[in-house]
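Engineer: Provided below: input21.txt, containing compact mmCIF, N, CA and C atoms.
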```txt
# COMPACT_ATOMS: atom_id res chain seq x y z
N MET A 214 140.70 -143.42 153.33
CA MET A 214 139.53 -142.56 153.17
C MET A 214 139.97 -141.11 153.25
N PRO A 215 139.57 -140.27 152.29
CA PRO A 215 139.99 -138.87 152.31
C PRO A 215 139.38 -138.12 153.49
N HIS A 216 140.08 -137.09 153.92
CA HIS A 216 139.57 -136.26 155.00
C HIS A 216 138.33 -135.51 154.54
N LYS A 217 137.42 -135.33 155.46
CA LYS A 217 136.20 -134.60 155.16
C LYS A 217 136.54 -133.14 154.85
N LEU A 218 135.96 -132.64 153.79
CA LEU A 218 136.13 -131.22 153.46
C LEU A 218 135.27 -130.40 154.40
N LEU A 219 135.74 -129.20 154.70
CA LEU A 219 135.04 -128.31 155.63
C LEU A 219 134.17 -127.31 154.88
N THR A 220 132.98 -127.05 155.40
CA THR A 220 132.15 -125.98 154.85
C THR A 220 132.80 -124.65 155.20
N ILE A 221 132.35 -123.58 154.59
CA ILE A 221 132.95 -122.28 154.89
C ILE A 221 132.72 -121.90 156.35
N GLY A 222 131.56 -122.26 156.91
CA GLY A 222 131.30 -121.97 158.32
C GLY A 222 132.21 -122.75 159.24
N GLU A 223 132.39 -124.05 158.95
CA GLU A 223 133.29 -124.88 159.75
C GLU A 223 134.72 -124.39 159.63
N PHE A 224 135.11 -124.06 158.42
CA PHE A 224 136.47 -123.60 158.18
C PHE A 224 136.73 -122.27 158.88
N ALA A 225 135.76 -121.35 158.79
CA ALA A 225 135.91 -120.04 159.45
C ALA A 225 136.04 -120.21 160.96
N ALA A 226 135.22 -121.08 161.53
CA ALA A 226 135.28 -121.30 162.98
C ALA A 226 136.62 -121.91 163.37
N ARG A 227 137.09 -122.87 162.59
CA ARG A 227 138.36 -123.54 162.89
C ARG A 227 139.54 -122.60 162.69
N ALA A 228 139.47 -121.73 161.67
CA ALA A 228 140.57 -120.81 161.36
C ALA A 228 140.54 -119.57 162.25
N GLY A 229 139.41 -119.28 162.85
CA GLY A 229 139.30 -118.09 163.70
C GLY A 229 139.15 -116.79 162.92
N VAL A 230 138.60 -116.88 161.72
CA VAL A 230 138.36 -115.69 160.91
C VAL A 230 136.93 -115.71 160.39
N ALA A 231 136.45 -114.57 159.99
CA ALA A 231 135.10 -114.47 159.43
C ALA A 231 135.05 -115.09 158.04
N ALA A 232 133.90 -115.58 157.67
CA ALA A 232 133.71 -116.14 156.33
C ALA A 232 134.01 -115.10 155.26
N THR A 233 133.72 -113.84 155.54
CA THR A 233 134.03 -112.78 154.57
C THR A 233 135.53 -112.67 154.33
N ALA A 234 136.32 -112.87 155.38
CA ALA A 234 137.78 -112.84 155.22
C ALA A 234 138.23 -113.99 154.34
N LEU A 235 137.63 -115.17 154.53
CA LEU A 235 137.99 -116.32 153.70
C LEU A 235 137.67 -116.06 152.23
N ARG A 236 136.51 -115.47 151.98
CA ARG A 236 136.16 -115.14 150.59
C ARG A 236 137.15 -114.14 150.01
N PHE A 237 137.55 -113.17 150.81
CA PHE A 237 138.55 -112.18 150.37
C PHE A 237 139.88 -112.86 150.08
N TYR A 238 140.35 -113.71 150.99
CA TYR A 238 141.61 -114.42 150.77
C TYR A 238 141.54 -115.27 149.50
N GLU A 239 140.39 -115.86 149.28
CA GLU A 239 140.25 -116.70 148.09
C GLU A 239 140.28 -115.86 146.81
N ARG A 240 139.60 -114.72 146.83
CA ARG A 240 139.64 -113.82 145.66
C ARG A 240 141.07 -113.37 145.37
N ARG A 241 141.87 -113.19 146.40
CA ARG A 241 143.28 -112.79 146.24
C ARG A 241 144.18 -113.95 145.86
N GLY A 242 143.65 -115.16 145.86
CA GLY A 242 144.44 -116.33 145.52
C GLY A 242 145.30 -116.85 146.66
N LEU A 243 145.01 -116.41 147.88
CA LEU A 243 145.80 -116.82 149.04
C LEU A 243 145.41 -118.21 149.54
N ILE A 244 144.14 -118.55 149.39
CA ILE A 244 143.65 -119.88 149.75
C ILE A 244 142.79 -120.40 148.61
N HIS A 245 142.50 -121.69 148.67
CA HIS A 245 141.73 -122.32 147.60
C HIS A 245 140.63 -123.18 148.19
N SER A 246 139.52 -123.24 147.47
CA SER A 246 138.43 -124.12 147.85
C SER A 246 138.01 -124.93 146.63
N VAL A 247 137.22 -125.93 146.89
CA VAL A 247 136.57 -126.66 145.80
C VAL A 247 135.09 -126.36 145.92
N ARG A 248 134.37 -126.54 144.82
CA ARG A 248 132.94 -126.24 144.83
C ARG A 248 132.12 -127.53 144.74
N THR A 249 131.02 -127.53 145.46
CA THR A 249 130.10 -128.65 145.38
C THR A 249 129.23 -128.48 144.13
N SER A 250 128.41 -129.47 143.87
CA SER A 250 127.50 -129.35 142.72
C SER A 250 126.52 -128.21 142.91
N GLY A 251 126.28 -127.81 144.16
CA GLY A 251 125.43 -126.65 144.46
C GLY A 251 126.21 -125.35 144.56
N ASN A 252 127.49 -125.36 144.12
CA ASN A 252 128.37 -124.20 144.09
C ASN A 252 128.74 -123.67 145.49
N GLN A 253 128.72 -124.53 146.48
CA GLN A 253 129.13 -124.14 147.82
C GLN A 253 130.63 -124.43 147.99
N ARG A 254 131.29 -123.55 148.73
CA ARG A 254 132.72 -123.73 148.97
C ARG A 254 132.97 -124.85 149.96
N ARG A 255 134.04 -125.61 149.71
CA ARG A 255 134.53 -126.62 150.64
C ARG A 255 136.05 -126.48 150.69
N TYR A 256 136.58 -126.59 151.90
CA TYR A 256 138.01 -126.39 152.10
C TYR A 256 138.67 -127.65 152.64
N GLN A 257 139.86 -127.92 152.15
CA GLN A 257 140.68 -128.99 152.72
C GLN A 257 141.29 -128.47 154.02
N ARG A 258 141.51 -129.35 154.96
CA ARG A 258 142.09 -128.94 156.25
C ARG A 258 143.49 -128.34 156.07
N SER A 259 144.20 -128.73 155.05
CA SER A 259 145.54 -128.18 154.82
C SER A 259 145.51 -126.68 154.57
N GLU A 260 144.35 -126.16 154.15
CA GLU A 260 144.22 -124.71 153.94
C GLU A 260 144.27 -123.94 155.26
N LEU A 261 143.98 -124.63 156.37
CA LEU A 261 144.06 -123.98 157.68
C LEU A 261 145.46 -123.44 157.95
N ARG A 262 146.47 -124.17 157.52
CA ARG A 262 147.85 -123.74 157.71
C ARG A 262 148.11 -122.43 156.96
N ARG A 263 147.54 -122.33 155.77
CA ARG A 263 147.72 -121.10 154.98
C ARG A 263 147.06 -119.91 155.68
N VAL A 264 145.87 -120.12 156.22
CA VAL A 264 145.18 -119.03 156.93
C VAL A 264 145.96 -118.65 158.18
N ALA A 265 146.47 -119.63 158.90
CA ALA A 265 147.28 -119.33 160.09
C ALA A 265 148.51 -118.51 159.70
N PHE A 266 149.12 -118.88 158.59
CA PHE A 266 150.29 -118.15 158.09
C PHE A 266 149.90 -116.71 157.73
N ILE A 267 148.78 -116.54 157.04
CA ILE A 267 148.32 -115.20 156.64
C ILE A 267 148.09 -114.35 157.88
N ARG A 268 147.38 -114.89 158.84
CA ARG A 268 147.07 -114.12 160.05
C ARG A 268 148.33 -113.76 160.83
N THR A 269 149.25 -114.69 160.93
CA THR A 269 150.51 -114.44 161.65
C THR A 269 151.34 -113.39 160.91
N ALA A 270 151.45 -113.54 159.61
CA ALA A 270 152.22 -112.58 158.81
C ALA A 270 151.62 -111.19 158.91
N GLN A 271 150.30 -111.08 158.86
CA GLN A 271 149.66 -109.78 159.00
C GLN A 271 149.91 -109.18 160.38
N SER A 272 149.90 -110.02 161.40
CA SER A 272 150.07 -109.51 162.76
C SER A 272 151.46 -108.94 163.00
N VAL A 273 152.45 -109.35 162.21
CA VAL A 273 153.79 -108.79 162.36
C VAL A 273 154.07 -107.71 161.32
N GLY A 274 153.03 -107.29 160.60
CA GLY A 274 153.16 -106.14 159.72
C GLY A 274 153.46 -106.42 158.26
N LEU A 275 153.44 -107.67 157.84
CA LEU A 275 153.67 -107.96 156.43
C LEU A 275 152.42 -107.59 155.63
N THR A 276 152.64 -107.10 154.45
CA THR A 276 151.53 -106.67 153.62
C THR A 276 150.90 -107.87 152.90
N LEU A 277 149.68 -107.68 152.43
CA LEU A 277 149.04 -108.75 151.66
C LEU A 277 149.80 -109.05 150.38
N THR A 278 150.43 -108.05 149.81
CA THR A 278 151.24 -108.26 148.61
C THR A 278 152.41 -109.18 148.94
N GLU A 279 153.10 -108.93 150.06
CA GLU A 279 154.22 -109.78 150.48
C GLU A 279 153.74 -111.20 150.77
N ILE A 280 152.60 -111.30 151.42
CA ILE A 280 152.04 -112.60 151.76
C ILE A 280 151.65 -113.35 150.49
N THR A 281 151.03 -112.66 149.55
CA THR A 281 150.63 -113.26 148.28
C THR A 281 151.86 -113.80 147.54
N GLU A 282 152.91 -112.98 147.47
CA GLU A 282 154.14 -113.41 146.79
C GLU A 282 154.74 -114.64 147.46
N ALA A 283 154.76 -114.65 148.78
CA ALA A 283 155.34 -115.78 149.51
C ALA A 283 154.52 -117.05 149.29
N LEU A 284 153.22 -116.95 149.42
CA LEU A 284 152.38 -118.13 149.24
C LEU A 284 152.42 -118.63 147.80
N GLY A 285 152.72 -117.74 146.87
CA GLY A 285 152.85 -118.12 145.48
C GLY A 285 154.04 -119.04 145.23
N THR A 286 154.97 -119.10 146.18
CA THR A 286 156.13 -119.98 146.03
C THR A 286 155.83 -121.41 146.48
N LEU A 287 154.70 -121.61 147.15
CA LEU A 287 154.35 -122.96 147.62
C LEU A 287 153.76 -123.79 146.49
N PRO A 288 153.94 -125.09 146.55
CA PRO A 288 153.40 -125.95 145.49
C PRO A 288 151.87 -126.00 145.55
N GLU A 289 151.24 -126.00 144.39
CA GLU A 289 149.78 -126.07 144.35
C GLU A 289 149.30 -127.50 144.18
N SER A 290 150.17 -128.39 143.72
CA SER A 290 149.76 -129.75 143.41
C SER A 290 149.75 -130.67 144.63
N ARG A 291 150.26 -130.16 145.77
CA ARG A 291 150.32 -130.99 146.98
C ARG A 291 150.34 -130.09 148.21
N THR A 292 150.11 -130.69 149.35
CA THR A 292 150.19 -129.96 150.62
C THR A 292 151.64 -129.60 150.87
N PRO A 293 151.93 -128.32 151.18
CA PRO A 293 153.32 -127.92 151.43
C PRO A 293 153.93 -128.70 152.60
N THR A 294 155.20 -129.00 152.46
CA THR A 294 155.95 -129.71 153.50
C THR A 294 156.64 -128.72 154.43
N ARG A 295 157.25 -129.25 155.46
CA ARG A 295 158.05 -128.42 156.38
C ARG A 295 159.16 -127.70 155.60
N ALA A 296 159.78 -128.41 154.66
CA ALA A 296 160.85 -127.81 153.85
C ALA A 296 160.31 -126.66 152.99
N ASP A 297 159.11 -126.82 152.45
CA ASP A 297 158.50 -125.74 151.66
C ASP A 297 158.30 -124.50 152.51
N TRP A 298 157.78 -124.70 153.72
CA TRP A 298 157.53 -123.56 154.61
C TRP A 298 158.85 -122.92 155.06
N ALA A 299 159.87 -123.74 155.31
CA ALA A 299 161.17 -123.21 155.72
C ALA A 299 161.77 -122.35 154.62
N LYS A 300 161.68 -122.82 153.39
CA LYS A 300 162.21 -122.07 152.25
C LYS A 300 161.48 -120.73 152.11
N LEU A 301 160.17 -120.75 152.28
CA LEU A 301 159.38 -119.53 152.20
C LEU A 301 159.84 -118.51 153.25
N SER A 302 160.08 -118.98 154.47
CA SER A 302 160.42 -118.06 155.56
C SER A 302 161.83 -117.51 155.48
N GLU A 303 162.72 -118.18 154.76
CA GLU A 303 164.10 -117.70 154.62
C GLU A 303 164.15 -116.28 154.06
N GLY A 304 163.30 -116.01 153.10
CA GLY A 304 163.29 -114.71 152.46
C GLY A 304 162.88 -113.57 153.37
N TRP A 305 162.20 -113.90 154.45
CA TRP A 305 161.72 -112.85 155.36
C TRP A 305 162.62 -112.65 156.56
N HIS A 306 163.65 -113.46 156.71
CA HIS A 306 164.46 -113.40 157.91
C HIS A 306 165.01 -111.99 158.14
N ARG A 307 165.62 -111.40 157.11
CA ARG A 307 166.20 -110.06 157.27
C ARG A 307 165.11 -109.01 157.55
N ARG A 308 164.01 -109.09 156.82
CA ARG A 308 162.94 -108.12 157.02
C ARG A 308 162.40 -108.19 158.44
N LEU A 309 162.18 -109.40 158.95
CA LEU A 309 161.67 -109.55 160.30
C LEU A 309 162.71 -109.13 161.34
N THR A 310 163.96 -109.42 161.10
CA THR A 310 165.02 -108.99 162.00
C THR A 310 165.07 -107.46 162.07
N ASP A 311 164.97 -106.80 160.92
CA ASP A 311 164.94 -105.33 160.89
C ASP A 311 163.71 -104.80 161.62
N GLN A 312 162.59 -105.47 161.44
CA GLN A 312 161.37 -105.02 162.11
C GLN A 312 161.48 -105.19 163.62
N ILE A 313 162.06 -106.29 164.07
CA ILE A 313 162.27 -106.51 165.50
C ILE A 313 163.18 -105.42 166.06
N ARG A 314 164.25 -105.09 165.34
CA ARG A 314 165.17 -104.04 165.77
C ARG A 314 164.42 -102.70 165.90
N MET A 315 163.55 -102.41 164.93
CA MET A 315 162.79 -101.16 164.97
C MET A 315 161.82 -101.16 166.16
N LEU A 316 161.17 -102.26 166.42
CA LEU A 316 160.26 -102.34 167.56
C LEU A 316 161.00 -102.18 168.88
N GLU A 317 162.19 -102.75 168.97
CA GLU A 317 162.99 -102.58 170.18
C GLU A 317 163.39 -101.12 170.36
N ARG A 318 163.78 -100.47 169.27
CA ARG A 318 164.14 -99.04 169.36
C ARG A 318 162.93 -98.22 169.76
N LEU A 319 161.80 -98.53 169.18
CA LEU A 319 160.58 -97.81 169.51
C LEU A 319 160.26 -97.98 171.00
N ARG A 320 160.35 -99.20 171.46
CA ARG A 320 160.10 -99.48 172.88
C ARG A 320 161.08 -98.72 173.77
N ASP A 321 162.36 -98.79 173.46
CA ASP A 321 163.39 -98.19 174.30
C ASP A 321 163.43 -96.67 174.20
N ASP A 322 163.28 -96.14 172.99
CA ASP A 322 163.41 -94.69 172.80
C ASP A 322 162.17 -93.91 173.19
N LEU A 323 161.01 -94.52 173.07
CA LEU A 323 159.79 -93.77 173.33
C LEU A 323 159.23 -93.97 174.73
N SER A 324 159.77 -94.90 175.48
CA SER A 324 159.20 -95.14 176.81
C SER A 324 159.30 -93.90 177.69
N GLY A 325 160.42 -93.20 177.65
CA GLY A 325 160.56 -91.97 178.42
C GLY A 325 159.66 -90.87 177.90
N CYS A 326 159.53 -90.79 176.61
CA CYS A 326 158.70 -89.78 175.98
C CYS A 326 157.23 -89.96 176.37
N ILE A 327 156.78 -91.19 176.34
CA ILE A 327 155.39 -91.47 176.68
C ILE A 327 155.14 -91.17 178.15
N GLY A 328 156.10 -91.52 178.99
CA GLY A 328 155.94 -91.32 180.43
C GLY A 328 155.99 -89.86 180.85
N CYS A 329 156.80 -89.04 180.16
CA CYS A 329 156.96 -87.65 180.60
C CYS A 329 156.08 -86.67 179.83
N GLY A 330 155.38 -87.14 178.82
CA GLY A 330 154.57 -86.23 178.02
C GLY A 330 155.40 -85.54 176.96
N CYS A 331 156.60 -86.03 176.69
CA CYS A 331 157.45 -85.51 175.63
C CYS A 331 157.81 -84.05 175.84
N LEU A 332 158.38 -83.76 176.98
CA LEU A 332 158.75 -82.38 177.30
C LEU A 332 160.09 -81.99 176.72
N SER A 333 160.88 -82.94 176.24
CA SER A 333 162.20 -82.63 175.72
C SER A 333 162.19 -82.58 174.20
N LEU A 334 162.04 -81.40 173.65
CA LEU A 334 162.00 -81.25 172.20
C LEU A 334 163.38 -81.33 171.57
N THR A 335 164.43 -81.30 172.38
CA THR A 335 165.77 -81.40 171.81
C THR A 335 166.24 -82.84 171.65
N SER A 336 165.68 -83.75 172.42
CA SER A 336 166.14 -85.14 172.32
C SER A 336 165.04 -86.13 171.93
N CYS A 337 163.86 -85.65 171.62
CA CYS A 337 162.74 -86.52 171.26
C CYS A 337 162.99 -87.18 169.90
N SER A 338 162.71 -88.48 169.81
CA SER A 338 162.92 -89.22 168.56
C SER A 338 161.90 -88.86 167.48
N LEU A 339 160.86 -88.16 167.84
CA LEU A 339 159.84 -87.79 166.86
C LEU A 339 159.92 -86.33 166.42
N TYR A 340 160.59 -85.49 167.23
CA TYR A 340 160.63 -84.06 166.93
C TYR A 340 161.56 -83.77 165.75
N ASN A 341 161.10 -82.92 164.87
CA ASN A 341 161.86 -82.56 163.67
C ASN A 341 161.62 -81.07 163.42
N ARG A 342 162.37 -80.26 164.12
CA ARG A 342 162.20 -78.81 164.09
C ARG A 342 162.21 -78.29 162.66
N ASP A 343 161.19 -77.55 162.30
CA ASP A 343 161.04 -76.92 160.99
C ASP A 343 161.21 -77.91 159.83
N ASP A 344 160.95 -79.16 160.08
CA ASP A 344 161.03 -80.22 159.06
C ASP A 344 162.41 -80.26 158.41
N GLU A 345 163.45 -80.09 159.23
CA GLU A 345 164.83 -80.08 158.73
C GLU A 345 165.25 -81.41 158.10
N LEU A 346 164.62 -82.49 158.46
CA LEU A 346 165.01 -83.80 157.96
C LEU A 346 164.22 -84.24 156.74
N ALA A 347 163.48 -83.36 156.13
CA ALA A 347 162.64 -83.71 154.97
C ALA A 347 163.46 -84.32 153.83
N ALA A 348 164.67 -83.86 153.64
CA ALA A 348 165.51 -84.38 152.55
C ALA A 348 165.92 -85.84 152.78
N HIS A 349 165.80 -86.33 154.01
CA HIS A 349 166.18 -87.71 154.34
C HIS A 349 165.03 -88.70 154.13
N GLY A 350 163.84 -88.20 153.83
CA GLY A 350 162.70 -89.08 153.59
C GLY A 350 161.52 -88.77 154.49
N ALA A 351 160.46 -89.50 154.26
CA ALA A 351 159.22 -89.28 155.01
C ALA A 351 159.27 -89.95 156.37
N GLY A 352 158.41 -89.50 157.25
CA GLY A 352 158.25 -90.13 158.55
C GLY A 352 159.25 -89.65 159.59
N PRO A 353 159.26 -90.32 160.74
CA PRO A 353 160.13 -89.94 161.87
C PRO A 353 161.57 -90.37 161.61
N ARG A 354 162.33 -89.52 160.91
CA ARG A 354 163.68 -89.87 160.45
C ARG A 354 164.63 -90.21 161.59
N ILE A 355 164.58 -89.49 162.69
CA ILE A 355 165.49 -89.76 163.81
C ILE A 355 165.24 -91.17 164.34
N LEU A 356 164.00 -91.54 164.44
CA LEU A 356 163.66 -92.86 164.95
C LEU A 356 163.97 -93.95 163.93
N LEU A 357 163.75 -93.68 162.64
CA LEU A 357 163.91 -94.69 161.62
C LEU A 357 165.35 -94.95 161.21
N GLU A 358 166.21 -93.96 161.33
CA GLU A 358 167.59 -94.11 160.89
C GLU A 358 168.47 -94.60 162.02
N ASP A 359 169.42 -95.45 161.67
CA ASP A 359 170.38 -95.94 162.67
C ASP A 359 171.41 -94.87 162.97
```
Take the structure in the file and write it out as structure tokens.
Structural biologist:
Amino acid sequence: MPHKLLTIGEFAARAGVAATALRFYERRGLIHSVRTSGNQRRYQRSELRRVAFIRTAQSVGLTLTEITEALGTLPESRTPTRADWAKLSEGWHRRLTDQIRMLERLRDDLSGCIGCGCLSLTSCSLYNRDDELAAHGAGPRILLED
């Protein structure tokens, strides 16, 4: 017997997101539903994994474009397997490792600055006197560069 399809309200409650977010994800092609004869959305439980993936990826700073591209690699004709998900995550290993490194630097380099009120303009990771580092790119260059 097939699993019962979830209404949008049931799915939203189970996924922990608003129904509006589900509609947005569906418009972006991130998740899929089937329609009843009354044109109401119904979701397979396997779509919960996709929403969990979307929420987790967003929480670590991945963009919707990156998430869309990654989910586009999953098979549409069947529920993705562990191997499918592992293959998808391989591509992000370096990006996530770099992001973890940046978060560690942010934590380590800014803890003194936050605690002291940033009184040291000569050693602050955010200070850029007269925008001298503009040629190196946008943002906090001292903090961003190794």
Engineer: Choose the residue, out of A:Ala226, A:Phe237, A:Ile221, A:Gly242, that has the smallest atom-to-atom separation from Tyr256 (chain A); count only N, CA and C atoms.
Structural biologist: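 Looking at the shortest contact to Tyr256 (chain A), the residue is A:Ile221.
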Engineer: Between A:Thr249, A:His216, A:Gly274, A:Gly222, single out the one closest to Arg236 (chain A), counting only C-alpha atoms.
Structural biologist: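 Nearest candidate to Arg236 (chain A) out of A:Thr249, A:His216, A:Gly274, A:Gly222: A:Gly222.
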Engineer: Suppose you want the space between atom N of Pro293 (chain A) and atom N of Asp311 (chain A); what is it in Å?
Structural biologist: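 Distance reported for this atom pair: 27.0 Å.
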Engineer: Which residues, written as a ChimeraX atom specification, have at least one atom at most 10 Å from region 266-269 of chain A, with only C-alpha atoms counted and residues fewer than 6 positions away on the same chain left out?
Structural biologist: /A:228-230,238,243-244,260,275-277,280-281,284,298
Engineer: Quick one, how far is CA of Ala270 (chain A) from CA of Val247 (chain A)?
Structural biologist: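 CA of Val247 (chain A) lies 24.7 Å from CA of Ala270 (chain A).
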Engineer: Could you pull out the strand (DSSP E or B) residues of region 225-313 of chain A from DSSP and send them as a PyMOL selection string?
Structural biologist: chain A and resi 247-248+254-256
Engineer: Closest to Leu261 (chain A) among A:Ala299, A:Ala348, A:Ala231, A:Ala225, using only C-alpha atoms?
Structural biologist: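 So, comparing all the options, the nearest one is A:Ala225.
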Engineer: Would you kindly return, as a list of chain:residue names, each protein, DNA or RNA residue with an atom no farther than 5 Å from any atom of Thr220 (chain A), considering all atoms listed in the file and excluding same-chain residues fewer than 3 positions away?
Structural biologist: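 Once the adjacent positions are removed, what remains is A:Glu223, A:Phe224, A:Arg255.
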Engineer: So that I can check the surroundings of Lys217 (chain A), please list as a PyMOL selection string every protein, DNA and RNA residue that reaches within 6.5 Å of it, counting only N, CA and C atoms and ignoring chain neighbours fewer than 2 positions away.
Structural biologist: chain A and resi 215+219+256-258
Engineer: Hey, can you spit out that residue selection with N, CA and C atoms as a CSV table (one decimal), in the frame of the given file?
Structural biologist:
```
chain,number,residue,atom,x,y,z
A,215,PRO,N,139.6,-140.3,152.3
A,215,PRO,CA,140.0,-138.9,152.3
A,215,PRO,C,139.4,-138.1,153.5
A,219,LEU,N,135.7,-129.2,154.7
A,219,LEU,CA,135.0,-128.3,155.6
A,219,LEU,C,134.2,-127.3,154.9
A,256,TYR,N,136.6,-126.6,151.9
A,256,TYR,CA,138.0,-126.4,152.1
A,256,TYR,C,138.7,-127.6,152.6
A,257,GLN,N,139.9,-127.9,152.2
A,257,GLN,CA,140.7,-129.0,152.7
A,257,GLN,C,141.3,-128.5,154.0
A,258,ARG,N,141.5,-129.4,155.0
A,258,ARG,CA,142.1,-128.9,156.2
A,258,ARG,C,143.5,-128.3,156.1
```
Engineer: Using Å and a single decimal, report how far atom N of Ile313 (chain A) sits from CA of Arg263 (chain A).
Structural biologist: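 Calculated distance between CA of Arg263 (chain A) and atom N of Ile313 (chain A) is 22.5 Å.
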Engineer: Of the candidates A:Thr278, A:Arg307, A:Val264, A:Ala351, which shows the shortest atom-to-atom distance to Arg241 (chain A), using only C-alpha atoms?
Structural biologist: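 Smallest separation from Arg241 (chain A) among the options: A:Thr278.
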